[in-house]
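*Asks:* Below is one structure. I have some questions about it.
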Amino acid sequence: EPQVARDDVIKGTDDDAIISKLYAAQSAVNLGYLDDPFVKHFVKRPSRRPPLINRGSYLRTRSLDTFTEQFIKSDITQSSTTTATAPASATTLSASTPTSTTTATTTTPAAAAGIKKQIVSLGCGSDTRYFKFKAKGLSAHKYFEIDFPESTAKKAVVIKKNKAFTDIIGDPDLKLGLGGTELYSKDYCLLSGDLRDFTESIVPKLNAQGFDTSLPTLFLSECVLIYIQPGDSDAIVNWVGTNMDASLFVVYEQINPADAFGAMMLRNLRTRQIELPGIHAYPSLKSQEERFTSRGWQAAHAVNMNKLHESLSEQEMKRISSLEIFDEVEEWQLLADHYCVAWAYQAKPRQSELHRAQ
Ligand code: SAM
């Protein structure tokens with residue numbers, strides 16, 4: 001039936017993403033845009049990608065990595081407002097900082113150091129971020145990954161049978177569950193489900209694995225929300241905004257469907273039977289910000305990939321430029337204009353602030 005067929009195509013989009021990342025990541029052997037020793041385990045047949053795609057995969061990964069690193073290291077937890085824009089400014093460098101609306105509180109770095117945090121990766125596919133970060137000594141109290149059961153089953157097998165992964169998880173009680181579609185450990189959980197059923201089916205699964213709405217939480221959606229109907233992605237944004245005490249939500253996806261390049265992009269995807277229902281609801285940087293601010297989030301900001309590209313340091317630009325010949329500059333700028341990173345921050349006033357306000 002058509003819905004199932006469409007879902008199969010969407011599940012297949014991960015193969016594409018991971019092959020590009022692998023190619024961009026095979027550092028020592030190959031190009032060296034990214035450093036990721038884990039990604040190779042997920043790719044059976046690596047294939048060459050053009051420089052333009054490598055640069056895109058690199059920027060996409062690097063920008064979400066930067067948010068993740070900042071989130072893990074920051075004291076976002078201690079202040080509902082002053083730190084709201086910290087990850088933002090560091091990621092894009094030139095991006096302006098959105099103004100926040102609630103009262104600022106002072107941060108206490110000492111207290112912040114031991115604060116527990118959670119990360120939830122929505123539509124994780126074969127993403128390796130948990131492993132990359134923990135290998136570098138950067139981890140959250142809990143890291144949850146969610147995808148369709150067909151995707152998580154494949155990922156669970158690869159993780160379970162590879163010492164490279166189980167060593168990083170480092171939990172002798174690492175368990176497979178739900179017919180091999182889920183993995184549970186102390187700090188890493190791979191969960192299966194349909195994001196279109198977030199409140200009813202995903203939230204209870206998170207809760208059963210120790211998810212805590214009072215902990216500061218980073219939600220990552222890397223090329224995921226765009227594939228589901230806006231009503232369903234809005235439900236996720238709403239739930240997070242309403243139920244979490246403090247959260248940072250980072251979205252990476254396509255924008256600008258209406259210009260010539262955007263129309264071509266959609267046509268090309270359609271020939272592979274891929275639709276992007278989300279792009280019509282959130283076609284611009286402004287609407288990407290409003291997807292959060294109109295639902296009560298305190299601060300939101302979106303930038304396109306050209307802006308992120310420009311914000312690379314001179315040294316890093318030199319490094320990636322030396323990796324391979326890159327002369328498709330105009331084509332790159334067009335492409336980069338059609339991808340964005342949007343992030344939003346939301347925190348409830350802390351109990352002590354409520355008392356002070358009364
Ligand atoms: N986030 C990963 C990355 O960037 O490498 C994977 C991106 S891939 C383009 C999109 C992923 O979202 C796929 O793994 C797909 O199965 C997942 N996905 C899409 N719709 C979903 C849904 N309704 N429920 C669960 N997962 C979904």
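Simple scheme: letters A, B, ... for chains in structure tokens order, numbers from 1 for residues in each chain, numbers from 1 for ligands in the order shown.
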Determine, using only C-alpha atoms and all ligand atoms, which residues of chain A have any atom at most 8 Å from an atom of ligand 1, and tabulate each with its shortest atom pair and distance in Å to one decimal place, rows ordered by chain and then rising number, as a tab-separated table.
*Replies:*
```
residue	atom	partner	partner_atom_place_in_ligand_line	distance
A:Asp7	CA	ligand 1	20 (N)	7.3
A:Ile10	CA	ligand 1	15 (C)	5.5
A:Lys11	CA	ligand 1	16 (O)	3.7
A:Gly12	CA	ligand 1	13 (C)	6.8
A:Thr13	CA	ligand 1	9 (C)	4.5
A:Asp14	CA	ligand 1	8 (S)	3.7
A:Asp15	CA	ligand 1	8 (S)	7.4
A:Asp16	CA	ligand 1	9 (C)	7.2
A:Ala17	CA	ligand 1	5 (O)	5.4
A:Ile18	CA	ligand 1	5 (O)	5.9
A:Lys21	CA	ligand 1	5 (O)	7.9
A:Thr61	CA	ligand 1	4 (O)	7.9
A:Ser121	CA	ligand 1	1 (N)	7.2
A:Leu122	CA	ligand 1	1 (N)	6.9
A:Gly123	CA	ligand 1	12 (O)	3.7
A:Cys124	CA	ligand 1	1 (N)	4.2
A:Gly125	CA	ligand 1	14 (O)	3.5
A:Ser126	CA	ligand 1	5 (O)	5.8
A:Asp127	CA	ligand 1	5 (O)	4.5
A:Thr128	CA	ligand 1	5 (O)	8.0
A:Ile146	CA	ligand 1	25 (C)	6.4
A:Asp147	CA	ligand 1	26 (N)	3.8
A:Phe148	CA	ligand 1	25 (C)	4.3
A:Glu150	CA	ligand 1	16 (O)	8.0
A:Ser151	CA	ligand 1	16 (O)	6.0
A:Ser192	CA	ligand 1	25 (C)	7.4
A:Gly193	CA	ligand 1	25 (C)	5.7
A:Asp194	CA	ligand 1	24 (N)	3.6
A:Leu195	CA	ligand 1	24 (N)	3.8
A:Arg196	CA	ligand 1	23 (N)	4.9
A:Asp197	CA	ligand 1	23 (N)	7.7
A:Leu220	CA	ligand 1	1 (N)	7.9
A:Ser221	CA	ligand 1	1 (N)	6.2
A:Glu222	CA	ligand 1	1 (N)	4.3
A:Cys223	CA	ligand 1	9 (C)	4.9
A:Val224	CA	ligand 1	12 (O)	4.5
A:Leu225	CA	ligand 1	20 (N)	7.0
A:Tyr227	CA	ligand 1	20 (N)	5.7
A:Ile228	CA	ligand 1	20 (N)	6.0
```
*Asks:* Take the residues just selected and output them with C-alpha atoms as a PDB file, in the first residue's frame.
*Replies:*
```pdb
ATOM      1  CA  ASP A   7       8.037   4.906   4.174  1.00  0.00           C
ATOM      2  CA  ILE A  10      12.253   7.479   3.380  1.00  0.00           C
ATOM      3  CA  LYS A  11      14.124   4.772   5.251  1.00  0.00           C
ATOM      4  CA  GLY A  12      16.425   4.482   2.235  1.00  0.00           C
ATOM      5  CA  THR A  13      17.471   8.132   2.551  1.00  0.00           C
ATOM      6  CA  ASP A  14      19.816   7.156   5.343  1.00  0.00           C
ATOM      7  CA  ASP A  15      21.965   5.024   3.009  1.00  0.00           C
ATOM      8  CA  ASP A  16      22.617   8.063   0.932  1.00  0.00           C
ATOM      9  CA  ALA A  17      23.522  10.236   3.902  1.00  0.00           C
ATOM     10  CA  ILE A  18      25.875   7.705   5.363  1.00  0.00           C
ATOM     11  CA  LYS A  21      29.553  10.966   5.255  1.00  0.00           C
ATOM     12  CA  THR A  61      28.226  17.209  10.285  1.00  0.00           C
ATOM     13  CA  SER A 121      18.537  12.053  18.107  1.00  0.00           C
ATOM     14  CA  LEU A 122      15.302  11.929  16.114  1.00  0.00           C
ATOM     15  CA  GLY A 123      15.599   9.779  12.973  1.00  0.00           C
ATOM     16  CA  CYS A 124      19.177   8.843  13.854  1.00  0.00           C
ATOM     17  CA  GLY A 125      19.733   6.520  10.899  1.00  0.00           C
ATOM     18  CA  SER A 126      23.339   5.303  10.971  1.00  0.00           C
ATOM     19  CA  ASP A 127      24.606   8.449  12.648  1.00  0.00           C
ATOM     20  CA  THR A 128      27.728   7.878  14.747  1.00  0.00           C
ATOM     21  CA  ILE A 146      15.168   6.845  17.507  1.00  0.00           C
ATOM     22  CA  ASP A 147      14.345   5.522  14.032  1.00  0.00           C
ATOM     23  CA  PHE A 148      12.025   3.103  12.254  1.00  0.00           C
ATOM     24  CA  GLU A 150      13.937  -1.611  10.113  1.00  0.00           C
ATOM     25  CA  SER A 151      16.688   1.015  10.492  1.00  0.00           C
ATOM     26  CA  SER A 192      12.470   1.936  17.433  1.00  0.00           C
ATOM     27  CA  GLY A 193       9.290   3.699  16.497  1.00  0.00           C
ATOM     28  CA  ASP A 194       7.501   6.120  14.265  1.00  0.00           C
ATOM     29  CA  LEU A 195       8.129   9.801  14.915  1.00  0.00           C
ATOM     30  CA  ARG A 196       4.676  10.558  13.552  1.00  0.00           C
ATOM     31  CA  ASP A 197       3.420   8.964  16.724  1.00  0.00           C
ATOM     32  CA  LEU A 220      18.753  16.702  17.091  1.00  0.00           C
ATOM     33  CA  SER A 221      16.880  16.364  13.826  1.00  0.00           C
ATOM     34  CA  GLU A 222      19.305  16.009  10.947  1.00  0.00           C
ATOM     35  CA  CYS A 223      17.410  15.706   7.660  1.00  0.00           C
ATOM     36  CA  VAL A 224      14.426  14.090   9.343  1.00  0.00           C
ATOM     37  CA  LEU A 225      11.477  16.393  10.151  1.00  0.00           C
ATOM     38  CA  TYR A 227      10.136  13.940   5.534  1.00  0.00           C
ATOM     39  CA  ILE A 228       7.094  13.993   7.798  1.00  0.00           C
TER      40      ILE A 228
END
```
*Asks:* Name the residues in contact with Leu174 in chain A at a cut-off of 12 Å, using only C-alpha atoms, excluding same-chain residues fewer than 5 positions from it; report them as a list in words.
*Replies:*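 So, after excluding close chain neighbours, the residues are Ala156, Ile159, Lys160, Lys161, Phe165, Thr166, Asp167, Ile168, Ile169, Glu182, Leu183, Tyr184, Ser185, Lys186, Asp187, Tyr188, Cys189 and Leu190 of chain A.
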*Asks:* Extract, using only C-alpha atoms, all DNA, RNA and protein residues at most 8 Å from range 291-298 of chain A, discarding same-chain residues fewer than 6 positions from it, and format them as an NGL selection string.
*Replies:* :A and (100-101 or 234 or 237-238 or 241 or 282 or 344-347)
*Asks:* Could you turn the residues from that selection into a file that holds C-alpha atoms, as a PDB file, in the first residue's frame?
*Replies:*
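Dumped to selection_36.pdb:
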```pdb
ATOM      1  CA  SER A 100      15.541  36.504  25.077  1.00  0.00           C
ATOM      2  CA  THR A 101      12.469  37.437  26.941  1.00  0.00           C
ATOM      3  CA  ASP A 234       4.840  20.407  14.983  1.00  0.00           C
ATOM      4  CA  VAL A 237       8.196  20.645  18.743  1.00  0.00           C
ATOM      5  CA  ASN A 238       5.109  21.327  20.850  1.00  0.00           C
ATOM      6  CA  GLY A 241       8.524  22.929  24.296  1.00  0.00           C
ATOM      7  CA  TYR A 282       8.954  25.720   6.536  1.00  0.00           C
ATOM      8  CA  ALA A 344      15.766  27.009  19.320  1.00  0.00           C
ATOM      9  CA  TYR A 345      15.990  27.233  23.041  1.00  0.00           C
ATOM     10  CA  GLN A 346      13.355  26.921  25.681  1.00  0.00           C
ATOM     11  CA  ALA A 347      13.504  26.809  29.470  1.00  0.00           C
TER      12      ALA A 347
END
```
*Asks:* Would you mind listing what lies within 12 Å of Gly262 in chain A as a list of chain:residue names, with only C-alpha atoms counted and same-chain residues fewer than 3 positions away left out?
*Replies:*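 Everything that qualifies: A:Gln254, A:Ile255, A:Asn256, A:Pro257, A:Ala258, A:Asp259, A:Met265, A:Leu266, A:Arg267, A:Asn268, A:Leu269, A:Leu276, A:Ile279, A:His280, A:Pro283, A:Ser284, A:Leu334, A:Leu335, A:Ala336, A:Asp337, A:His338, A:Tyr339.
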*Asks:* With distances taken over only C-alpha atoms, which residue among A:Arg45, A:Leu52, A:Val158, A:Arg6 lies nearest Asp327 in chain A?
*Replies:*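 Checking each of A:Arg45, A:Leu52, A:Val158, A:Arg6 against Asp327 in chain A, counting only C-alpha atoms, the winner is A:Leu52.
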*Asks:* As a list of chain:residue names, list the residues of range 293-342 of chain A assigned to strand (DSSP E) by DSSP on the backbone atoms of this structure.
*Replies:*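 Result set for range 293-342 of chain A (strand (DSSP E)): A:Ala299, A:Ala300, A:His301, A:Ala302, A:Val303, A:Asn304, A:Tyr339, A:Cys340, A:Val341, A:Ala342.
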*Asks:* What lies within 8 Å of Ser214 in chain A using only C-alpha atoms, ignoring chain neighbours under 4 positions off, as a compact mmCIF listing (two decimals) with N, CA and C atoms, in the first residue's frame?
*Replies:*
```txt
# COMPACT_ATOMS: atom_id res chain seq x y z
N MET A 244 9.55 19.77 28.48
CA MET A 244 10.92 19.76 28.98
C MET A 244 11.18 21.01 29.81
N ASP A 245 11.96 20.86 30.87
CA ASP A 245 12.31 22.03 31.68
C ASP A 245 13.27 22.94 30.92
N ALA A 246 14.21 22.36 30.20
CA ALA A 246 15.16 23.15 29.42
C ALA A 246 15.61 22.34 28.23
```
*Asks:* If you run DSSP on the backbone here, which positions in range 161-348 of chain A get helix (DSSP H, G or I)? Please write them as JSON, numbers by chain.
*Replies:* {"A": [161, 163, 164, 165, 166, 167, 168, 169, 195, 196, 197, 198, 199, 200, 201, 202, 203, 204, 205, 206, 207, 208, 225, 226, 227, 230, 231, 232, 233, 234, 235, 236, 237, 238, 239, 240, 241, 242, 243, 260, 261, 262, 263, 264, 265, 266, 267, 268, 269, 270, 271, 277, 278, 279, 280, 281, 285, 286, 287, 288, 289, 290, 291, 292, 293, 305, 306, 307, 308, 309, 310, 314, 315, 316, 317, 318, 319, 320, 321, 329, 330, 331, 332, 333, 334, 335, 336]}
*Asks:* Convert the current residue selection to file output with C-alpha atoms, as a PDB file, in the first residue's frame.
*Replies:*
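See part18.pdb below for the written result:
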```pdb
ATOM      1  CA  LYS A 161      28.844  -7.325  16.850  1.00  0.00           C
ATOM      2  CA  LYS A 163      34.044  -4.308  19.609  1.00  0.00           C
ATOM      3  CA  ALA A 164      34.775  -0.805  18.309  1.00  0.00           C
ATOM      4  CA  PHE A 165      31.239   0.114  19.341  1.00  0.00           C
ATOM      5  CA  THR A 166      30.687  -2.040  22.415  1.00  0.00           C
ATOM      6  CA  ASP A 167      33.960  -0.800  23.917  1.00  0.00           C
ATOM      7  CA  ILE A 168      32.746   2.765  23.641  1.00  0.00           C
ATOM      8  CA  ILE A 169      29.378   1.889  25.173  1.00  0.00           C
ATOM      9  CA  LEU A 195       8.129   9.801  14.915  1.00  0.00           C
ATOM     10  CA  ARG A 196       4.676  10.558  13.552  1.00  0.00           C
ATOM     11  CA  ASP A 197       3.420   8.964  16.724  1.00  0.00           C
ATOM     12  CA  PHE A 198       5.737  10.812  19.075  1.00  0.00           C
ATOM     13  CA  THR A 199       3.544  11.538  22.069  1.00  0.00           C
ATOM     14  CA  GLU A 200       1.717   8.218  22.113  1.00  0.00           C
ATOM     15  CA  SER A 201       4.494   5.794  21.322  1.00  0.00           C
ATOM     16  CA  ILE A 202       7.953   7.409  21.467  1.00  0.00           C
ATOM     17  CA  VAL A 203       7.581   9.310  24.737  1.00  0.00           C
ATOM     18  CA  PRO A 204       6.551   6.209  26.752  1.00  0.00           C
ATOM     19  CA  LYS A 205       9.561   4.351  25.315  1.00  0.00           C
ATOM     20  CA  LEU A 206      11.888   7.168  26.339  1.00  0.00           C
ATOM     21  CA  ASN A 207      10.352   7.229  29.797  1.00  0.00           C
ATOM     22  CA  ALA A 208      10.810   3.494  30.206  1.00  0.00           C
ATOM     23  CA  LEU A 225      11.477  16.393  10.151  1.00  0.00           C
ATOM     24  CA  ILE A 226      11.387  17.436   6.491  1.00  0.00           C
ATOM     25  CA  TYR A 227      10.136  13.940   5.534  1.00  0.00           C
ATOM     26  CA  PRO A 230       4.193  19.446   9.341  1.00  0.00           C
ATOM     27  CA  GLY A 231       1.354  18.475  11.685  1.00  0.00           C
ATOM     28  CA  ASP A 232       3.478  15.588  12.965  1.00  0.00           C
ATOM     29  CA  SER A 233       6.715  17.559  13.302  1.00  0.00           C
ATOM     30  CA  ASP A 234       4.840  20.407  14.983  1.00  0.00           C
ATOM     31  CA  ALA A 235       3.519  17.916  17.526  1.00  0.00           C
ATOM     32  CA  ILE A 236       7.109  17.011  18.429  1.00  0.00           C
ATOM     33  CA  VAL A 237       8.196  20.645  18.743  1.00  0.00           C
ATOM     34  CA  ASN A 238       5.109  21.327  20.850  1.00  0.00           C
ATOM     35  CA  TRP A 239       5.646  18.375  23.117  1.00  0.00           C
ATOM     36  CA  VAL A 240       9.290  19.244  23.736  1.00  0.00           C
ATOM     37  CA  GLY A 241       8.524  22.929  24.296  1.00  0.00           C
ATOM     38  CA  THR A 242       5.763  22.132  26.738  1.00  0.00           C
ATOM     39  CA  ASN A 243       7.182  19.201  28.657  1.00  0.00           C
ATOM     40  CA  ALA A 260      14.659  27.367  -9.903  1.00  0.00           C
ATOM     41  CA  PHE A 261      17.245  25.361  -7.983  1.00  0.00           C
ATOM     42  CA  GLY A 262      14.708  24.406  -5.313  1.00  0.00           C
ATOM     43  CA  ALA A 263      12.273  23.191  -7.953  1.00  0.00           C
ATOM     44  CA  MET A 264      15.040  21.123  -9.568  1.00  0.00           C
ATOM     45  CA  MET A 265      15.985  19.678  -6.188  1.00  0.00           C
ATOM     46  CA  LEU A 266      12.379  18.603  -5.559  1.00  0.00           C
ATOM     47  CA  ARG A 267      12.051  17.179  -9.087  1.00  0.00           C
ATOM     48  CA  ASN A 268      15.207  15.110  -8.642  1.00  0.00           C
ATOM     49  CA  LEU A 269      13.983  13.747  -5.342  1.00  0.00           C
ATOM     50  CA  ARG A 270      10.582  12.987  -6.814  1.00  0.00           C
ATOM     51  CA  THR A 271      12.169  10.806  -9.490  1.00  0.00           C
ATOM     52  CA  PRO A 277       6.297  17.636   2.927  1.00  0.00           C
ATOM     53  CA  GLY A 278       8.072  19.728   5.563  1.00  0.00           C
ATOM     54  CA  ILE A 279       9.699  22.078   3.082  1.00  0.00           C
ATOM     55  CA  HIS A 280       6.381  23.607   2.074  1.00  0.00           C
ATOM     56  CA  ALA A 281       5.477  24.411   5.670  1.00  0.00           C
ATOM     57  CA  LEU A 285      14.891  30.796   7.444  1.00  0.00           C
ATOM     58  CA  LYS A 286      12.181  32.979   8.934  1.00  0.00           C
ATOM     59  CA  SER A 287       9.578  30.214   8.931  1.00  0.00           C
ATOM     60  CA  GLN A 288      12.121  27.796  10.428  1.00  0.00           C
ATOM     61  CA  GLU A 289      12.502  30.228  13.326  1.00  0.00           C
ATOM     62  CA  GLU A 290       8.761  30.680  13.618  1.00  0.00           C
ATOM     63  CA  ARG A 291       8.167  26.932  13.834  1.00  0.00           C
ATOM     64  CA  PHE A 292       9.601  27.379  17.348  1.00  0.00           C
ATOM     65  CA  THR A 293       8.795  30.946  18.395  1.00  0.00           C
ATOM     66  CA  MET A 305      24.828  26.772   4.765  1.00  0.00           C
ATOM     67  CA  ASN A 306      26.486  29.628   2.903  1.00  0.00           C
ATOM     68  CA  LYS A 307      26.541  31.578   6.130  1.00  0.00           C
ATOM     69  CA  LEU A 308      28.018  28.615   7.977  1.00  0.00           C
ATOM     70  CA  HIS A 309      30.566  28.130   5.228  1.00  0.00           C
ATOM     71  CA  GLU A 310      31.625  31.771   5.485  1.00  0.00           C
ATOM     72  CA  GLU A 314      40.654  30.911   7.643  1.00  0.00           C
ATOM     73  CA  GLN A 315      42.751  28.005   8.846  1.00  0.00           C
ATOM     74  CA  GLU A 316      39.933  25.457   8.508  1.00  0.00           C
ATOM     75  CA  MET A 317      38.975  26.820   5.076  1.00  0.00           C
ATOM     76  CA  LYS A 318      42.580  26.395   3.990  1.00  0.00           C
ATOM     77  CA  ARG A 319      42.633  22.855   5.325  1.00  0.00           C
ATOM     78  CA  ILE A 320      39.488  21.693   3.518  1.00  0.00           C
ATOM     79  CA  SER A 321      40.456  23.532   0.339  1.00  0.00           C
ATOM     80  CA  VAL A 329      31.847  27.626  -6.481  1.00  0.00           C
ATOM     81  CA  GLU A 330      28.650  28.985  -8.021  1.00  0.00           C
ATOM     82  CA  GLU A 331      26.930  25.634  -7.925  1.00  0.00           C
ATOM     83  CA  TRP A 332      28.013  25.255  -4.311  1.00  0.00           C
ATOM     84  CA  GLN A 333      26.537  28.622  -3.356  1.00  0.00           C
ATOM     85  CA  LEU A 334      23.246  27.672  -4.947  1.00  0.00           C
ATOM     86  CA  LEU A 335      23.158  24.338  -3.180  1.00  0.00           C
ATOM     87  CA  ALA A 336      24.198  25.810   0.173  1.00  0.00           C
TER      88      ALA A 336
END
```
*Asks:* For Ser139 in chain A, which residue among A:Val120, A:Ala5, A:Glu69, A:Asp173 is the nearest when counting only C-alpha atoms?
*Replies:*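 Of A:Val120, A:Ala5, A:Glu69, A:Asp173, the one nearest Ser139 in chain A is A:Glu69, counting only C-alpha atoms.
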*Asks:* Could you tell me how far CA of Thr213 in chain A lies from CA of Ala135 in chain A, in Å and to one decimal?
*Replies:*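 Spanning CA of Thr213 in chain A to CA of Ala135 in chain A is a straight-line distance of 26.4 Å.
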*Asks:* Would you please work out which residue, of A:Tyr252, A:Gly180, A:Lys132, A:Thr217, is nearest to Ser57 in chain A when using only C-alpha atoms?
*Replies:*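 Selected residue with least distance to Ser57 in chain A: A:Tyr252.
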